[in-house]
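Chemist: Sharing a structure here in C-alpha cells format.
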Amino acid sequence: MKNILTLLAAFCMLSVFAGSSNAAPIFFDNFDSYTPGIPWPGEGNWTVTEQSVDLIGVGTAWDLLPGNGLYLDMDGSTGNAGTIESISIALAPGDYIFSYDIAGNQRGGGDDSVNILIGGGSLLNVTSIAGENVPFTTISLPFTVAVATSATISLDGVGGDNIGVLLDNIGIDSVDVVNVIPAPGAALLGSLGIGIVGWLRRRRKL
C-alpha cells in the first residue's frame, strides 16, 4: 500500500507541473584551427581591428598553460594591446549566455584586463580582470536581446607591455526557459490522482 501511495503521489506531481530549460550554441571558437602568430593577423571568425594580439599556446614557444590548445594573448608583441572583432552573429529575441575562459599573463606582469562588448556594448559591456598567475577560469555572463539583430563580439585588450590577459573558448548560447506551468489536462489528472490517494488511505483505516 505504501508503495502505491508513493507512486500515485509522484504521478500527481509530474502530471500537474511541467517545465524545462535548454541551451543551444549560437557561436563558439577555441582558436585551435587557426595558425598561431606573433602578432596574429586574425583568421576565420576574427579580425584584428586595432594594434596587435598574439595567438600562442600548443606548438609555439609560448605555451604558457599546456593542455589548452591555442589561445589569445590580448597584449600583442608590438607593445600595444589589441582589439579583435568577430563575424556578425544573428541573434533572435531572447536570453543568452556569453562565456569565455580567461587567465592571467603567467609572466609576472601584474593584473591584466580586457573590455568585452557585444553589439557595440548595447547588449553586453563588461571589463574582465585576471591576476597574473590565475589559470584559465570560465566566466559566464547573461544578456538579453529584445529585438532581432546581428551583432559582433569585440575583445579589447588593455595594456602595453607585450604580456596581456589570455582568452580562449569564446561562446554564445541561447537560453530557452519554459516556466513551470500546468501541463494540458494535468489539473484533471492531478485531481483524480489525489482523490485515489485519499480513497486508499480511508480504505486502509477500515
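Numbering starts fresh at 1 for the residues of each chain in the C-alpha cells, the chains themselves are lettered A, B, ... in the order given, and ligands are numbered from 1 as they appear.
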For the alpha helix (DSSP H) assignment from backbone DSSP, which residues of region 25-195 of chain A qualify? Please present them as a list in words.
Modeler: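 Here are the alpha helix (DSSP H) residues of region 25-195 of chain A: Ala186, Ala187, Leu188, Leu189, Gly190, Ser191, Leu192, Gly193, Ile194 and Gly195 of chain A.
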Chemist: If you keep C-alpha atoms, can you produce a file of those selected residues as an mmCIF file, in the first residue's frame?
Modeler:
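Here's the written file result04.cif:
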data_model
loop_
_atom_site.group_PDB
_atom_site.id
_atom_site.type_symbol
_atom_site.label_atom_id
_atom_site.label_comp_id
_atom_site.auth_asym_id
_atom_site.auth_seq_id
_atom_site.Cartn_x
_atom_site.Cartn_y
_atom_site.Cartn_z
ATOM 1 C CA ALA A 186 -2.749 17.877 -15.827
ATOM 2 C CA ALA A 187 -5.178 19.566 -13.435
ATOM 3 C CA LEU A 188 -7.781 16.853 -14.053
ATOM 4 C CA LEU A 189 -5.235 14.040 -13.783
ATOM 5 C CA GLY A 190 -3.796 15.558 -10.626
ATOM 6 C CA SER A 191 -7.237 15.814 -9.022
ATOM 7 C CA LEU A 192 -8.024 12.207 -9.893
ATOM 8 C CA GLY A 193 -4.701 11.049 -8.508
ATOM 9 C CA ILE A 194 -5.175 12.935 -5.257
ATOM 10 C CA GLY A 195 -8.706 11.506 -4.937
#
Chemist: Write out as a PyMOL selection string each polymer residue whose atoms come within 9 Å of region 98-106 of chain A, counting only C-alpha atoms; drop sequence neighbours fewer than 4 positions from it.
Modeler: chain A and resi 64-65+73+110-113+124+128-143+163-174
Chemist: Could you write those residues out with N, CA and C atoms, as an mmCIF file, in the first residue's frame?
Modeler:
data_model
loop_
_atom_site.group_PDB
_atom_site.id
_atom_site.type_symbol
_atom_site.label_atom_id
_atom_site.label_comp_id
_atom_site.auth_asym_id
_atom_site.auth_seq_id
_atom_site.Cartn_x
_atom_site.Cartn_y
_atom_site.Cartn_z
ATOM 1 N N LEU A 64 52.061 28.777 -22.405
ATOM 2 C CA LEU A 64 52.113 29.181 -21.003
ATOM 3 C C LEU A 64 51.224 28.330 -20.107
ATOM 4 N N LEU A 65 50.160 27.779 -20.668
ATOM 5 C CA LEU A 65 49.235 26.924 -19.922
ATOM 6 C C LEU A 65 48.960 25.673 -20.753
ATOM 7 N N ASP A 73 46.720 36.048 -26.554
ATOM 8 C CA ASP A 73 47.355 36.999 -25.648
ATOM 9 C C ASP A 73 46.918 38.370 -26.136
ATOM 10 N N GLY A 110 51.750 41.529 -13.458
ATOM 11 C CA GLY A 110 50.648 42.118 -12.722
ATOM 12 C C GLY A 110 49.293 41.757 -13.328
ATOM 13 N N ASP A 111 48.242 42.357 -12.795
ATOM 14 C CA ASP A 111 46.896 42.097 -13.298
ATOM 15 C C ASP A 111 46.731 42.657 -14.708
ATOM 16 N N ASP A 112 45.924 41.962 -15.507
ATOM 17 C CA ASP A 112 45.595 42.429 -16.856
ATOM 18 C C ASP A 112 44.092 42.367 -17.043
ATOM 19 N N SER A 113 43.599 43.087 -18.045
ATOM 20 C CA SER A 113 42.155 43.120 -18.263
ATOM 21 C C SER A 113 41.821 43.201 -19.744
ATOM 22 N N LEU A 124 25.992 43.841 -24.233
ATOM 23 C CA LEU A 124 26.868 43.475 -23.113
ATOM 24 C C LEU A 124 28.098 44.364 -23.157
ATOM 25 N N SER A 128 36.808 42.539 -17.821
ATOM 26 C CA SER A 128 37.176 41.321 -17.110
ATOM 27 C C SER A 128 38.651 41.395 -16.743
ATOM 28 N N ILE A 129 38.960 41.127 -15.484
ATOM 29 C CA ILE A 129 40.325 41.251 -14.955
ATOM 30 C C ILE A 129 40.816 39.889 -14.482
ATOM 31 N N ALA A 130 42.106 39.613 -14.713
ATOM 32 C CA ALA A 130 42.710 38.370 -14.231
ATOM 33 C C ALA A 130 44.055 38.663 -13.593
ATOM 34 N N GLY A 131 44.294 38.111 -12.411
ATOM 35 C CA GLY A 131 45.589 38.212 -11.765
ATOM 36 C C GLY A 131 46.651 37.493 -12.565
ATOM 37 N N GLU A 132 47.887 37.913 -12.443
ATOM 38 C CA GLU A 132 48.956 37.422 -13.317
ATOM 39 C C GLU A 132 49.145 35.919 -13.307
ATOM 40 N N ASN A 133 48.868 35.249 -12.192
ATOM 41 C CA ASN A 133 49.097 33.805 -12.106
ATOM 42 C C ASN A 133 47.818 32.976 -12.132
ATOM 43 N N VAL A 134 46.701 33.609 -12.399
ATOM 44 C CA VAL A 134 45.419 32.890 -12.408
ATOM 45 C C VAL A 134 45.345 31.976 -13.634
ATOM 46 N N PRO A 135 45.022 30.687 -13.460
ATOM 47 C CA PRO A 135 44.867 29.784 -14.614
ATOM 48 C C PRO A 135 43.557 30.069 -15.334
ATOM 49 N N PHE A 136 43.331 29.365 -16.428
ATOM 50 C CA PHE A 136 42.094 29.574 -17.172
ATOM 51 C C PHE A 136 40.876 29.299 -16.282
ATOM 52 N N THR A 137 39.983 30.262 -16.267
ATOM 53 C CA THR A 137 38.753 30.182 -15.489
ATOM 54 C C THR A 137 37.591 30.546 -16.406
ATOM 55 N N THR A 138 36.525 29.764 -16.370
ATOM 56 C CA THR A 138 35.374 30.024 -17.223
ATOM 57 C C THR A 138 34.458 31.060 -16.583
ATOM 58 N N ILE A 139 34.114 32.072 -17.357
ATOM 59 C CA ILE A 139 33.187 33.107 -16.935
ATOM 60 C C ILE A 139 31.951 33.035 -17.824
ATOM 61 N N SER A 140 30.763 33.131 -17.230
ATOM 62 C CA SER A 140 29.505 33.112 -17.975
ATOM 63 C C SER A 140 28.689 34.339 -17.606
ATOM 64 N N LEU A 141 28.276 35.099 -18.622
ATOM 65 C CA LEU A 141 27.547 36.339 -18.399
ATOM 66 C C LEU A 141 26.236 36.322 -19.172
ATOM 67 N N PRO A 142 25.117 36.604 -18.526
ATOM 68 C CA PRO A 142 23.829 36.623 -19.223
ATOM 69 C C PRO A 142 23.593 37.961 -19.915
ATOM 70 N N PHE A 143 22.871 37.921 -21.015
ATOM 71 C CA PHE A 143 22.380 39.141 -21.634
ATOM 72 C C PHE A 143 21.097 38.829 -22.385
ATOM 73 N N ILE A 163 52.659 41.652 -22.655
ATOM 74 C CA ILE A 163 52.108 40.482 -21.962
ATOM 75 C C ILE A 163 50.724 40.865 -21.425
ATOM 76 N N GLY A 164 49.700 40.176 -21.909
ATOM 77 C CA GLY A 164 48.337 40.552 -21.551
ATOM 78 C C GLY A 164 47.520 39.386 -21.056
ATOM 79 N N VAL A 165 46.266 39.675 -20.799
ATOM 80 C CA VAL A 165 45.327 38.653 -20.384
ATOM 81 C C VAL A 165 45.191 37.612 -21.501
ATOM 82 N N LEU A 166 44.986 36.350 -21.115
ATOM 83 C CA LEU A 166 44.824 35.256 -22.069
ATOM 84 C C LEU A 166 43.348 34.891 -22.173
ATOM 85 N N LEU A 167 42.882 34.633 -23.400
ATOM 86 C CA LEU A 167 41.473 34.293 -23.635
ATOM 87 C C LEU A 167 41.356 33.040 -24.487
ATOM 88 N N ASP A 168 40.311 32.265 -24.237
ATOM 89 C CA ASP A 168 40.058 31.046 -25.012
ATOM 90 C C ASP A 168 38.574 30.699 -24.896
ATOM 91 N N ASN A 169 38.119 29.819 -25.786
ATOM 92 C CA ASN A 169 36.771 29.242 -25.725
ATOM 93 C C ASN A 169 35.678 30.317 -25.615
ATOM 94 N N ILE A 170 35.597 31.138 -26.643
ATOM 95 C CA ILE A 170 34.610 32.208 -26.687
ATOM 96 C C ILE A 170 33.296 31.652 -27.229
ATOM 97 N N GLY A 171 32.194 31.867 -26.525
ATOM 98 C CA GLY A 171 30.934 31.289 -26.997
ATOM 99 C C GLY A 171 29.704 32.078 -26.591
ATOM 100 N N ILE A 172 28.657 31.920 -27.383
ATOM 101 C CA ILE A 172 27.328 32.441 -27.058
ATOM 102 C C ILE A 172 26.336 31.296 -27.167
ATOM 103 N N ASP A 173 25.552 31.088 -26.115
ATOM 104 C CA ASP A 173 24.491 30.083 -26.110
ATOM 105 C C ASP A 173 23.155 30.776 -25.895
ATOM 106 N N SER A 174 22.138 30.335 -26.623
ATOM 107 C CA SER A 174 20.790 30.831 -26.349
ATOM 108 C C SER A 174 20.220 30.027 -25.189
#
Chemist: Using only C-alpha atoms, find the one residue out of A:Gly108, A:Asp95, A:Asn162, A:Ser154 that sits nearest to Asp54 (chain A).
Modeler: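 Of all the options, A:Asn162 lies closest to Asp54 (chain A).
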Chemist: What is the distance, in Å and to one decimal place, between CA of Thr49 (chain A) and CA of Asn68 (chain A)?
Modeler: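 Taking CA of Thr49 (chain A) as the start and CA of Asn68 (chain A) as the end point, the length is 25.0 Å.
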Chemist: Determine, counting only C-alpha atoms, which protein, DNA and RNA residues have an atom within 8 Å of an atom of Asp32 (chain A); residues of the same chain fewer than 6 positions away are not included. Present the result as JSON, numbers by chain.
Modeler: {"A": [69, 70, 71]}
Chemist: Under the rule that only C-alpha atoms are counted, which of A:Gly159, A:Tyr34, A:Ser86, A:Arg107 is the nearest residue to Trp62 (chain A)?
Modeler: A:Arg107
Chemist: Just want the 8 Å neighbourhood of region 114-119 of chain A, counted on only C-alpha atoms, with same-chain residues fewer than 4 positions away dropped. Output as a PyMOL selection string.
Modeler: chain A and resi 74+123-129+150-158+165
